[in-house]
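Q: Input structure: work.cif, which contains mmCIF, C-alpha atoms, pLDDT in the B column; chains and numbers go by the auth columns.
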data_input
loop_
_atom_site.group_PDB
_atom_site.id
_atom_site.type_symbol
_atom_site.label_atom_id
_atom_site.label_comp_id
_atom_site.label_asym_id
_atom_site.label_seq_id
_atom_site.Cartn_x
_atom_site.Cartn_y
_atom_site.Cartn_z
_atom_site.B_iso_or_equiv
_atom_site.auth_seq_id
_atom_site.auth_asym_id
ATOM 1 C CA MET A 1 150.865 49.379 -178.096 45.00 1 A
ATOM 2 C CA ALA A 2 154.441 49.878 -176.916 46.00 2 A
ATOM 3 C CA LEU A 3 155.103 48.487 -173.435 59.00 3 A
ATOM 4 C CA ARG A 4 158.172 50.641 -172.935 84.00 4 A
ATOM 5 C CA PRO A 5 157.805 54.420 -173.056 93.00 5 A
ATOM 6 C CA VAL A 6 157.901 56.175 -176.402 96.00 6 A
ATOM 7 C CA VAL A 7 160.585 58.877 -176.467 98.00 7 A
ATOM 8 C CA GLY A 8 160.505 62.197 -178.286 98.00 8 A
ATOM 9 C CA VAL A 9 163.506 63.124 -180.430 98.00 9 A
ATOM 10 C CA LEU A 10 163.708 66.814 -181.367 98.00 10 A
ATOM 11 C CA LEU A 11 166.024 67.527 -184.289 96.00 11 A
ATOM 12 C CA ALA A 12 167.543 70.960 -183.648 95.00 12 A
ATOM 13 C CA ALA A 13 170.877 70.675 -185.440 90.00 13 A
ATOM 14 C CA GLY A 14 170.065 72.147 -188.853 79.00 14 A
ATOM 15 C CA ARG A 15 171.676 75.320 -190.167 67.00 15 A
ATOM 16 C CA GLY A 16 168.568 76.845 -191.748 67.00 16 A
ATOM 17 C CA SER A 17 170.422 78.391 -194.689 66.00 17 A
ATOM 18 C CA ARG A 18 167.163 79.430 -196.397 68.00 18 A
ATOM 19 C CA PHE A 19 166.224 81.486 -193.329 73.00 19 A
ATOM 20 C CA ASP A 20 169.495 83.436 -193.391 69.00 20 A
ATOM 21 C CA PRO A 21 171.943 82.621 -196.206 67.00 21 A
ATOM 22 C CA THR A 22 174.690 84.497 -194.322 67.00 22 A
ATOM 23 C CA GLY A 23 174.454 81.993 -191.479 64.00 23 A
ATOM 24 C CA VAL A 24 174.291 84.726 -188.831 68.00 24 A
ATOM 25 C CA ALA A 25 170.691 84.221 -187.681 73.00 25 A
ATOM 26 C CA ASN A 26 169.631 80.833 -186.362 84.00 26 A
ATOM 27 C CA LYS A 27 165.967 80.283 -187.247 90.00 27 A
ATOM 28 C CA LEU A 28 165.510 77.995 -184.230 93.00 28 A
ATOM 29 C CA MET A 29 166.274 80.958 -181.971 92.00 29 A
ATOM 30 C CA ALA A 30 163.998 83.350 -183.872 91.00 30 A
ATOM 31 C CA PRO A 31 161.091 84.625 -181.755 92.00 31 A
ATOM 32 C CA LEU A 32 157.521 83.717 -182.537 93.00 32 A
ATOM 33 C CA PRO A 33 154.929 86.510 -182.203 91.00 33 A
ATOM 34 C CA ASP A 34 154.706 85.907 -178.429 92.00 34 A
ATOM 35 C CA GLY A 35 158.506 86.068 -178.067 93.00 35 A
ATOM 36 C CA THR A 36 159.082 82.326 -177.567 95.00 36 A
ATOM 37 C CA PRO A 37 161.997 80.990 -179.638 95.00 37 A
ATOM 38 C CA VAL A 38 160.878 78.604 -182.391 95.00 38 A
ATOM 39 C CA ALA A 39 162.754 75.553 -181.052 96.00 39 A
ATOM 40 C CA VAL A 40 161.640 76.168 -177.478 97.00 40 A
ATOM 41 C CA GLN A 41 157.961 76.074 -178.422 97.00 41 A
ATOM 42 C CA ALA A 42 158.522 72.884 -180.437 98.00 42 A
ATOM 43 C CA ALA A 43 160.312 71.368 -177.435 98.00 43 A
ATOM 44 C CA ARG A 44 157.576 72.364 -174.993 98.00 44 A
ATOM 45 C CA HIS A 45 154.873 70.777 -177.127 98.00 45 A
ATOM 46 C CA LEU A 46 156.887 67.562 -177.449 98.00 46 A
ATOM 47 C CA LYS A 47 157.619 67.493 -173.725 98.00 47 A
ATOM 48 C CA GLN A 48 153.963 68.121 -172.877 97.00 48 A
ATOM 49 C CA ALA A 49 152.967 65.090 -174.940 97.00 49 A
ATOM 50 C CA LEU A 50 155.853 62.773 -173.991 96.00 50 A
ATOM 51 C CA GLY A 51 157.647 62.527 -170.661 90.00 51 A
ATOM 52 C CA ASP A 52 161.093 61.892 -172.122 96.00 52 A
ATOM 53 C CA VAL A 53 162.532 64.105 -174.859 98.00 53 A
ATOM 54 C CA VAL A 54 166.022 64.094 -176.385 98.00 54 A
ATOM 55 C CA ALA A 55 167.003 67.253 -178.270 98.00 55 A
ATOM 56 C CA VAL A 56 169.861 66.978 -180.764 97.00 56 A
ATOM 57 C CA VAL A 57 171.994 70.067 -181.406 95.00 57 A
ATOM 58 C CA PRO A 58 175.329 70.547 -183.188 92.00 58 A
ATOM 59 C CA ALA A 59 178.587 70.245 -181.280 87.00 59 A
ATOM 60 C CA ALA A 60 178.978 73.528 -179.387 68.00 60 A
ATOM 61 C CA ALA A 61 182.698 73.687 -180.098 63.00 61 A
ATOM 62 C CA THR A 62 182.050 74.085 -183.820 58.00 62 A
ATOM 63 C CA HIS A 63 179.008 76.371 -183.643 59.00 63 A
ATOM 64 C CA GLY A 64 179.754 78.666 -180.721 72.00 64 A
ATOM 65 C CA ALA A 65 177.641 80.707 -178.355 80.00 65 A
ATOM 66 C CA GLN A 66 174.362 80.479 -180.286 83.00 66 A
ATOM 67 C CA VAL A 67 174.314 76.700 -179.975 87.00 67 A
ATOM 68 C CA GLU A 68 175.242 76.868 -176.299 91.00 68 A
ATOM 69 C CA LEU A 69 172.288 79.205 -175.715 92.00 69 A
ATOM 70 C CA LEU A 70 169.980 76.973 -177.757 93.00 70 A
ATOM 71 C CA ALA A 71 171.107 73.936 -175.753 94.00 71 A
ATOM 72 C CA ALA A 72 170.516 75.771 -172.473 95.00 72 A
ATOM 73 C CA LEU A 73 167.005 76.806 -173.507 96.00 73 A
ATOM 74 C CA LEU A 74 166.120 73.289 -174.627 97.00 74 A
ATOM 75 C CA ALA A 75 167.423 71.859 -171.350 97.00 75 A
ATOM 76 C CA GLU A 76 165.326 74.432 -169.488 97.00 76 A
ATOM 77 C CA ALA A 77 162.305 73.216 -171.494 97.00 77 A
ATOM 78 C CA GLY A 78 162.878 69.727 -170.060 97.00 78 A
ATOM 79 C CA CYS A 79 164.889 68.046 -172.798 98.00 79 A
ATOM 80 C CA GLU A 80 168.044 66.004 -172.456 97.00 80 A
ATOM 81 C CA VAL A 81 170.410 67.688 -174.892 97.00 81 A
ATOM 82 C CA VAL A 82 172.651 65.551 -177.091 96.00 82 A
ATOM 83 C CA PHE A 83 175.500 67.305 -178.891 94.00 83 A
ATOM 84 C CA CYS A 84 176.004 65.659 -182.282 93.00 84 A
ATOM 85 C CA ALA A 85 179.572 65.937 -183.537 89.00 85 A
ATOM 86 C CA ASP A 86 178.451 64.800 -187.007 88.00 86 A
ATOM 87 C CA ALA A 87 175.517 67.218 -187.310 88.00 87 A
ATOM 88 C CA ALA A 88 177.129 68.964 -190.286 86.00 88 A
ATOM 89 C CA ARG A 89 176.764 65.711 -192.232 87.00 89 A
ATOM 90 C CA GLY A 90 173.002 66.218 -192.319 88.00 90 A
ATOM 91 C CA MET A 91 169.687 65.306 -190.722 91.00 91 A
ATOM 92 C CA GLY A 92 170.348 61.571 -190.887 93.00 92 A
ATOM 93 C CA ALA A 93 173.336 61.836 -188.575 93.00 93 A
ATOM 94 C CA SER A 94 171.376 63.918 -186.061 94.00 94 A
ATOM 95 C CA LEU A 95 168.405 61.571 -186.138 96.00 95 A
ATOM 96 C CA ALA A 96 170.660 58.561 -185.575 96.00 96 A
ATOM 97 C CA ALA A 97 172.312 60.264 -182.590 96.00 97 A
ATOM 98 C CA GLY A 98 168.970 61.093 -180.983 97.00 98 A
ATOM 99 C CA VAL A 99 167.567 57.576 -181.328 98.00 99 A
ATOM 100 C CA ALA A 100 170.854 56.013 -180.169 97.00 100 A
ATOM 101 C CA ALA A 101 170.555 58.023 -176.949 97.00 101 A
ATOM 102 C CA ARG A 102 167.449 55.962 -176.021 97.00 102 A
ATOM 103 C CA PRO A 103 168.104 52.402 -177.282 96.00 103 A
ATOM 104 C CA GLU A 104 165.650 50.825 -174.831 95.00 104 A
ATOM 105 C CA ALA A 105 162.678 52.977 -175.833 96.00 105 A
ATOM 106 C CA GLY A 106 159.432 51.408 -176.988 95.00 106 A
ATOM 107 C CA GLY A 107 159.610 53.746 -179.971 97.00 107 A
ATOM 108 C CA TRP A 108 160.545 57.271 -180.972 98.00 108 A
ATOM 109 C CA VAL A 109 158.537 60.248 -182.175 98.00 109 A
ATOM 110 C CA ILE A 110 160.847 62.229 -184.448 97.00 110 A
ATOM 111 C CA ALA A 111 160.007 65.941 -184.464 97.00 111 A
ATOM 112 C CA LEU A 112 161.581 68.906 -186.217 96.00 112 A
ATOM 113 C CA ALA A 113 162.516 71.947 -184.156 96.00 113 A
ATOM 114 C CA ASP A 114 161.377 74.322 -186.921 95.00 114 A
ATOM 115 C CA MET A 115 157.760 73.087 -186.628 96.00 115 A
ATOM 116 C CA PRO A 116 156.496 74.862 -183.485 97.00 116 A
ATOM 117 C CA TRP A 117 152.767 74.745 -184.248 97.00 117 A
ATOM 118 C CA ILE A 118 152.061 71.014 -183.864 98.00 118 A
ATOM 119 C CA ALA A 119 149.542 70.537 -181.052 98.00 119 A
ATOM 120 C CA PRO A 120 150.675 68.409 -178.087 98.00 120 A
ATOM 121 C CA GLY A 121 147.499 66.362 -178.474 98.00 121 A
ATOM 122 C CA THR A 122 148.514 65.396 -182.012 98.00 122 A
ATOM 123 C CA ILE A 123 151.949 64.282 -180.805 98.00 123 A
ATOM 124 C CA ALA A 124 150.376 62.236 -178.013 98.00 124 A
ATOM 125 C CA GLU A 125 147.994 60.563 -180.472 97.00 125 A
ATOM 126 C CA ILE A 126 150.921 59.545 -182.680 97.00 126 A
ATOM 127 C CA ALA A 127 152.826 58.168 -179.676 97.00 127 A
ATOM 128 C CA ARG A 128 149.817 56.125 -178.546 96.00 128 A
ATOM 129 C CA ALA A 129 149.581 54.508 -181.981 96.00 129 A
ATOM 130 C CA VAL A 130 153.240 53.410 -182.055 95.00 130 A
ATOM 131 C CA ASP A 131 153.847 49.695 -181.797 93.00 131 A
ATOM 132 C CA ALA A 132 157.028 47.678 -182.295 91.00 132 A
ATOM 133 C CA SER A 133 156.794 47.047 -186.014 93.00 133 A
ATOM 134 C CA HIS A 134 154.967 50.089 -187.405 94.00 134 A
ATOM 135 C CA CYS A 135 155.633 53.731 -188.086 96.00 135 A
ATOM 136 C CA VAL A 136 152.946 56.372 -187.574 97.00 136 A
ATOM 137 C CA ALA A 137 152.380 59.598 -189.472 97.00 137 A
ATOM 138 C CA PRO A 138 149.777 62.363 -189.346 98.00 138 A
ATOM 139 C CA PHE A 139 147.926 63.279 -192.526 97.00 139 A
ATOM 140 C CA HIS A 140 146.303 66.680 -192.978 97.00 140 A
ATOM 141 C CA ALA A 141 144.353 67.608 -196.115 95.00 141 A
ATOM 142 C CA GLY A 142 145.738 64.479 -197.786 94.00 142 A
ATOM 143 C CA GLN A 143 149.383 65.337 -197.119 96.00 143 A
ATOM 144 C CA ARG A 144 151.731 63.450 -194.824 96.00 144 A
ATOM 145 C CA GLY A 145 153.098 65.684 -192.103 96.00 145 A
ATOM 146 C CA HIS A 146 155.216 65.548 -188.949 97.00 146 A
ATOM 147 C CA PRO A 147 156.154 64.268 -186.450 97.00 147 A
ATOM 148 C CA ILE A 148 156.703 60.632 -187.408 97.00 148 A
ATOM 149 C CA GLY A 149 156.567 57.795 -184.886 97.00 149 A
ATOM 150 C CA PHE A 150 158.711 54.667 -185.220 97.00 150 A
ATOM 151 C CA GLY A 151 158.422 51.408 -183.293 96.00 151 A
ATOM 152 C CA ALA A 152 161.305 49.640 -181.586 96.00 152 A
ATOM 153 C CA ALA A 153 161.921 47.363 -184.592 96.00 153 A
ATOM 154 C CA PHE A 154 163.188 50.404 -186.514 96.00 154 A
ATOM 155 C CA PHE A 155 166.142 50.983 -184.154 97.00 155 A
ATOM 156 C CA ALA A 156 168.807 49.522 -186.457 96.00 156 A
ATOM 157 C CA GLY A 157 167.487 51.381 -189.483 95.00 157 A
ATOM 158 C CA LEU A 158 167.217 54.705 -187.674 96.00 158 A
ATOM 159 C CA THR A 159 170.664 54.513 -186.082 96.00 159 A
ATOM 160 C CA SER A 160 172.284 53.652 -189.414 94.00 160 A
ATOM 161 C CA LEU A 161 171.075 56.865 -191.076 92.00 161 A
ATOM 162 C CA ASP A 162 173.687 59.412 -192.124 90.00 162 A
ATOM 163 C CA GLY A 163 174.201 62.478 -194.257 82.00 163 A
ATOM 164 C CA ASP A 164 171.200 64.339 -195.635 80.00 164 A
ATOM 165 C CA GLU A 165 169.183 61.136 -195.718 73.00 165 A
ATOM 166 C CA GLY A 166 166.205 61.361 -193.406 78.00 166 A
ATOM 167 C CA ALA A 167 164.044 58.416 -192.393 83.00 167 A
ATOM 168 C CA ARG A 168 161.897 58.517 -195.547 83.00 168 A
ATOM 169 C CA ARG A 169 163.339 55.236 -196.905 85.00 169 A
ATOM 170 C CA LEU A 170 162.179 53.429 -193.745 89.00 170 A
ATOM 171 C CA ILE A 171 158.534 54.396 -194.239 90.00 171 A
ATOM 172 C CA HIS A 172 156.632 51.813 -196.296 89.00 172 A
ATOM 173 C CA PRO A 173 152.870 51.684 -196.940 89.00 173 A
ATOM 174 C CA GLY A 174 152.629 48.208 -195.424 90.00 174 A
ATOM 175 C CA THR A 175 154.030 49.305 -192.075 91.00 175 A
ATOM 176 C CA LEU A 176 152.570 52.832 -191.943 96.00 176 A
ATOM 177 C CA ILE A 177 149.725 53.743 -189.611 96.00 177 A
ATOM 178 C CA ARG A 178 147.929 56.867 -190.831 97.00 178 A
ATOM 179 C CA ILE A 179 146.503 59.364 -188.346 97.00 179 A
ATOM 180 C CA ASN A 180 144.071 61.749 -190.016 97.00 180 A
ATOM 181 C CA THR A 181 144.114 65.093 -188.255 97.00 181 A
ATOM 182 C CA ASN A 182 142.731 68.612 -188.497 97.00 182 A
ATOM 183 C CA ASP A 183 146.023 69.926 -187.073 97.00 183 A
ATOM 184 C CA ALA A 184 147.474 72.151 -189.813 96.00 184 A
ATOM 185 C CA GLY A 185 150.603 72.547 -187.676 96.00 185 A
ATOM 186 C CA THR A 186 151.696 69.111 -188.868 97.00 186 A
ATOM 187 C CA LEU A 187 152.501 70.706 -192.237 96.00 187 A
ATOM 188 C CA ARG A 188 153.787 74.119 -191.136 94.00 188 A
ATOM 189 C CA ASP A 189 157.512 74.678 -190.812 92.00 189 A
ATOM 190 C CA ILE A 190 159.703 77.753 -190.809 91.00 190 A
ATOM 191 C CA ASP A 191 161.973 78.225 -193.814 86.00 191 A
ATOM 192 C CA THR A 192 162.030 82.018 -194.123 84.00 192 A
ATOM 193 C CA PRO A 193 161.461 84.989 -191.770 83.00 193 A
ATOM 194 C CA ALA A 194 158.036 85.533 -193.379 84.00 194 A
ATOM 195 C CA ASP A 195 156.927 82.131 -192.044 84.00 195 A
ATOM 196 C CA LEU A 196 157.217 83.364 -188.446 82.00 196 A
ATOM 197 C CA ALA A 197 154.143 85.575 -188.732 73.00 197 A
ATOM 198 C CA ARG A 198 152.187 83.413 -191.167 66.00 198 A
#
Write out the structure in this file as structure tokens.
A:
Amino acid sequence: MALRPVVGVLLAAGRGSRFDPTGVANKLMAPLPDGTPVAVQAARHLKQALGDVVAVVPAAATHGAQVELLAALLAEAGCEVVFCADAARGMGASLAAGVAARPEAGGWVIALADMPWIAPGTIAEIARAVDASHCVAPFHAGQRGHPIGFGAAFFAGLTSLDGDEGARRLIHPGTLIRINTNDAGTLRDIDTPADLAR
């Protein structure tokens, strides 16, 4: 078990081009059936499970008022917001920025802001299983889902990520702890408007 607290990192810097190819609508701001924006619900669940959450958004100067509003809502949900100047380079750059913001953490649970249905209890279970030299992933119906936990030994690897490269190359069978779960939210993300009401 990690002696230092495990930190949540919420990746909220993607453009979501499949949701709106024109780039006008930001899927992370889209309302769920109860009116809560997608990213806000994801942030609340992460915050409920973990005391410390870093949310990574694009640099406001390059993405305007929508990002400023997103950042304000995530801060209101209890996150420390990190503006990533290199967010346009891809998920790897955003992930590296979020982990780098908490170098002394006992580990990091990396969550995606377009996955608002993951239960806080699932996130907490993943965090509890994190130790220094392992990564932790939930499996539902035989499929690996999100979020993914990484121990402190992965700091150098995580902070060296860039471009569209996620953390997949850091996950090896020998260092992976599997958490079997009935939580279907670990596999559900939002790619298109139809996914909001699924």
Q: Using only C-alpha atoms, I'd like a table of the residues in region 100-126 of chain A that come within 6 Å of region 149-157 of chain A; for each, show the closest atom pair and its distance in Å rounded to one decimal, ordered by chain and ascending number, as a tab-separated table.
A:
residue	atom	partner	partner_atom	distance
A:Gly106	CA	A:Ala152	CA	5.3
A:Gly107	CA	A:Gly151	CA	4.2
A:Trp108	CA	A:Phe150	CA	5.3
A:Val109	CA	A:Gly149	CA	4.2
Q: One number please: CA of Ile171 (chain A) to CA of Ile190 (chain A), in Å, one decimal.
A: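 Computing the Euclidean distance for CA of Ile171 (chain A) and CA of Ile190 (chain A) yields 23.6 Å.
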Q: Calculate how many Å separate CA of Ala13 (chain A) from CA of Gly90 (chain A), rounding to one decimal.
A: 8.5 Å
Q: Please report the interatomic distance between CA of Leu176 (chain A) and CA of Ala88 (chain A) in Å with one decimal.
A: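 Computed distance, CA of Leu176 (chain A) to CA of Ala88 (chain A), equals 29.4 Å.
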Q: Could you check the closest approach to Leu46 (chain A) for each of A:Arg178, A:Arg168, A:Arg188, A:His146 and tell me which residue wins, using all atoms listed in the file?
A: A:His146
Q: With the PyMOL selection byres ((chain A and resi 97) around 10) as the selection, what would be picked from this file? Answer as a PyMOL selection string, please.
A: chain A and resi 9+11+54-57+82-87+91-96+98-102+158-162
Q: Dump C-alpha atoms for the selected residues as a PDB file, in the frame of the given file?
A:
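Writing the result to again33.pdb gives the following:
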ATOM      1  CA  VAL A   9     163.506  63.124-180.430  1.00 98.00           C
ATOM      2  CA  LEU A  11     166.024  67.527-184.289  1.00 96.00           C
ATOM      3  CA  VAL A  54     166.022  64.094-176.385  1.00 98.00           C
ATOM      4  CA  ALA A  55     167.003  67.253-178.270  1.00 98.00           C
ATOM      5  CA  VAL A  56     169.861  66.978-180.764  1.00 97.00           C
ATOM      6  CA  VAL A  57     171.994  70.067-181.406  1.00 95.00           C
ATOM      7  CA  VAL A  82     172.651  65.551-177.091  1.00 96.00           C
ATOM      8  CA  PHE A  83     175.500  67.305-178.891  1.00 94.00           C
ATOM      9  CA  CYS A  84     176.004  65.659-182.282  1.00 93.00           C
ATOM     10  CA  ALA A  85     179.572  65.937-183.537  1.00 89.00           C
ATOM     11  CA  ASP A  86     178.451  64.800-187.007  1.00 88.00           C
ATOM     12  CA  ALA A  87     175.517  67.218-187.310  1.00 88.00           C
ATOM     13  CA  MET A  91     169.687  65.306-190.722  1.00 91.00           C
ATOM     14  CA  GLY A  92     170.348  61.571-190.887  1.00 93.00           C
ATOM     15  CA  ALA A  93     173.336  61.836-188.575  1.00 93.00           C
ATOM     16  CA  SER A  94     171.376  63.918-186.061  1.00 94.00           C
ATOM     17  CA  LEU A  95     168.405  61.571-186.138  1.00 96.00           C
ATOM     18  CA  ALA A  96     170.660  58.561-185.575  1.00 96.00           C
ATOM     19  CA  GLY A  98     168.970  61.093-180.983  1.00 97.00           C
ATOM     20  CA  VAL A  99     167.567  57.576-181.328  1.00 98.00           C
ATOM     21  CA  ALA A 100     170.854  56.013-180.169  1.00 97.00           C
ATOM     22  CA  ALA A 101     170.555  58.023-176.949  1.00 97.00           C
ATOM     23  CA  ARG A 102     167.449  55.962-176.021  1.00 97.00           C
ATOM     24  CA  LEU A 158     167.217  54.705-187.674  1.00 96.00           C
ATOM     25  CA  THR A 159     170.664  54.513-186.082  1.00 96.00           C
ATOM     26  CA  SER A 160     172.284  53.652-189.414  1.00 94.00           C
ATOM     27  CA  LEU A 161     171.075  56.865-191.076  1.00 92.00           C
ATOM     28  CA  ASP A 162     173.687  59.412-192.124  1.00 90.00           C
TER      29      ASP A 162
END
Q: Calculated over only C-alpha atoms, which of the candidates A:Pro147, A:Gly166, A:Pro173, A:Gly8 has the smallest distance to Trp117 (chain A)?
A: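 Closest residue, counting only C-alpha atoms: A:Pro147.
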Q: Out of A:Ala43, A:Ala59, A:Gly14, A:Ala184, which residue has the shortest atom-to-atom distance to Gly142 (chain A) when counting all atoms listed in the file?
A: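 Looking at the shortest contact to Gly142 (chain A), the residue is A:Ala184.
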Q: Run the PyMOL selection byres ((chain A and resi 72) around 12) against the file shown and list the residues it catches, as JSON, numbers by chain.
A: {"A": [29, 39, 40, 55, 57, 60, 65, 66, 67, 68, 69, 70, 71, 73, 74, 75, 76, 77, 78, 79, 80, 81, 82, 83]}
Q: Return region 42-69 of chain A, completed with N, CA and C atoms, as a PDB file, keeping the file's coordinate frame.
A:
ATOM      1  N   ALA A  42     158.589  74.260-179.931  1.00 98.00           N
ATOM      2  CA  ALA A  42     158.522  72.884-180.437  1.00 98.00           C
ATOM      3  C   ALA A  42     158.877  71.899-179.332  1.00 98.00           C
ATOM      4  N   ALA A  43     159.886  72.238-178.533  1.00 98.00           N
ATOM      5  CA  ALA A  43     160.312  71.368-177.435  1.00 98.00           C
ATOM      6  C   ALA A  43     159.240  71.265-176.357  1.00 98.00           C
ATOM      7  N   ARG A  44     158.621  72.369-176.028  1.00 98.00           N
ATOM      8  CA  ARG A  44     157.576  72.364-174.993  1.00 98.00           C
ATOM      9  C   ARG A  44     156.398  71.492-175.399  1.00 98.00           C
ATOM     10  N   HIS A  45     155.999  71.582-176.662  1.00 98.00           N
ATOM     11  CA  HIS A  45     154.873  70.777-177.127  1.00 98.00           C
ATOM     12  C   HIS A  45     155.221  69.289-177.098  1.00 98.00           C
ATOM     13  N   LEU A  46     156.456  68.958-177.466  1.00 98.00           N
ATOM     14  CA  LEU A  46     156.887  67.562-177.449  1.00 98.00           C
ATOM     15  C   LEU A  46     156.962  67.052-176.013  1.00 98.00           C
ATOM     16  N   LYS A  47     157.491  67.869-175.134  1.00 98.00           N
ATOM     17  CA  LYS A  47     157.619  67.493-173.725  1.00 98.00           C
ATOM     18  C   LYS A  47     156.248  67.341-173.070  1.00 98.00           C
ATOM     19  N   GLN A  48     155.313  68.195-173.440  1.00 97.00           N
ATOM     20  CA  GLN A  48     153.963  68.121-172.877  1.00 97.00           C
ATOM     21  C   GLN A  48     153.290  66.801-173.246  1.00 97.00           C
ATOM     22  N   ALA A  49     153.595  66.321-174.457  1.00 97.00           N
ATOM     23  CA  ALA A  49     152.967  65.090-174.940  1.00 97.00           C
ATOM     24  C   ALA A  49     153.705  63.836-174.478  1.00 97.00           C
ATOM     25  N   LEU A  50     155.020  63.931-174.321  1.00 96.00           N
ATOM     26  CA  LEU A  50     155.853  62.773-173.991  1.00 96.00           C
ATOM     27  C   LEU A  50     156.740  63.113-172.800  1.00 96.00           C
ATOM     28  N   GLY A  51     156.864  62.219-171.856  1.00 90.00           N
ATOM     29  CA  GLY A  51     157.647  62.527-170.661  1.00 90.00           C
ATOM     30  C   GLY A  51     159.128  62.666-170.904  1.00 90.00           C
ATOM     31  N   ASP A  52     159.652  61.940-171.884  1.00 96.00           N
ATOM     32  CA  ASP A  52     161.093  61.892-172.122  1.00 96.00           C
ATOM     33  C   ASP A  52     161.391  62.429-173.512  1.00 96.00           C
ATOM     34  N   VAL A  53     162.196  63.488-173.577  1.00 98.00           N
ATOM     35  CA  VAL A  53     162.532  64.105-174.859  1.00 98.00           C
ATOM     36  C   VAL A  53     164.041  64.309-174.953  1.00 98.00           C
ATOM     37  N   VAL A  54     164.611  63.867-176.062  1.00 98.00           N
ATOM     38  CA  VAL A  54     166.022  64.094-176.385  1.00 98.00           C
ATOM     39  C   VAL A  54     166.073  65.147-177.480  1.00 98.00           C
ATOM     40  N   ALA A  55     166.832  66.209-177.253  1.00 98.00           N
ATOM     41  CA  ALA A  55     167.003  67.253-178.270  1.00 98.00           C
ATOM     42  C   ALA A  55     168.423  67.168-178.816  1.00 98.00           C
ATOM     43  N   VAL A  56     168.548  67.107-180.129  1.00 97.00           N
ATOM     44  CA  VAL A  56     169.861  66.978-180.764  1.00 97.00           C
ATOM     45  C   VAL A  56     170.273  68.321-181.347  1.00 97.00           C
ATOM     46  N   VAL A  57     171.442  68.802-180.915  1.00 95.00           N
ATOM     47  CA  VAL A  57     171.994  70.067-181.406  1.00 95.00           C
ATOM     48  C   VAL A  57     173.405  69.806-181.934  1.00 95.00           C
ATOM     49  N   PRO A  58     173.962  70.750-182.700  1.00 92.00           N
ATOM     50  CA  PRO A  58     175.329  70.547-183.188  1.00 92.00           C
ATOM     51  C   PRO A  58     176.331  70.617-182.035  1.00 92.00           C
ATOM     52  N   ALA A  59     177.525  70.139-182.282  1.00 87.00           N
ATOM     53  CA  ALA A  59     178.587  70.245-181.280  1.00 87.00           C
ATOM     54  C   ALA A  59     178.864  71.720-181.011  1.00 87.00           C
ATOM     55  N   ALA A  60     178.816  72.110-179.750  1.00 68.00           N
ATOM     56  CA  ALA A  60     178.978  73.528-179.387  1.00 68.00           C
ATOM     57  C   ALA A  60     180.335  74.066-179.814  1.00 68.00           C
ATOM     58  N   ALA A  61     181.341  73.229-179.772  1.00 63.00           N
ATOM     59  CA  ALA A  61     182.698  73.687-180.098  1.00 63.00           C
ATOM     60  C   ALA A  61     182.803  74.199-181.529  1.00 63.00           C
ATOM     61  N   THR A  62     181.967  73.671-182.421  1.00 58.00           N
ATOM     62  CA  THR A  62     182.050  74.085-183.820  1.00 58.00           C
ATOM     63  C   THR A  62     181.018  75.145-184.191  1.00 58.00           C
ATOM     64  N   HIS A  63     180.062  75.414-183.304  1.00 59.00           N
ATOM     65  CA  HIS A  63     179.008  76.371-183.643  1.00 59.00           C
ATOM     66  C   HIS A  63     178.860  77.518-182.639  1.00 59.00           C
ATOM     67  N   GLY A  64     179.646  77.512-181.581  1.00 72.00           N
ATOM     68  CA  GLY A  64     179.754  78.666-180.721  1.00 72.00           C
ATOM     69  C   GLY A  64     178.599  78.969-179.793  1.00 72.00           C
ATOM     70  N   ALA A  65     178.529  80.257-179.422  1.00 80.00           N
ATOM     71  CA  ALA A  65     177.641  80.707-178.355  1.00 80.00           C
ATOM     72  C   ALA A  65     176.166  80.502-178.671  1.00 80.00           C
ATOM     73  N   GLN A  66     175.787  80.648-179.940  1.00 83.00           N
ATOM     74  CA  GLN A  66     174.362  80.479-180.286  1.00 83.00           C
ATOM     75  C   GLN A  66     173.876  79.073-179.957  1.00 83.00           C
ATOM     76  N   VAL A  67     174.703  78.082-180.260  1.00 87.00           N
ATOM     77  CA  VAL A  67     174.314  76.700-179.975  1.00 87.00           C
ATOM     78  C   VAL A  67     174.296  76.450-178.469  1.00 87.00           C
ATOM     79  N   GLU A  68     175.236  77.029-177.757  1.00 91.00           N
ATOM     80  CA  GLU A  68     175.242  76.868-176.299  1.00 91.00           C
ATOM     81  C   GLU A  68     173.968  77.442-175.691  1.00 91.00           C
ATOM     82  N   LEU A  69     173.518  78.598-176.205  1.00 92.00           N
ATOM     83  CA  LEU A  69     172.288  79.205-175.715  1.00 92.00           C
ATOM     84  C   LEU A  69     171.083  78.340-176.090  1.00 92.00           C
TER      85      LEU A  69
END
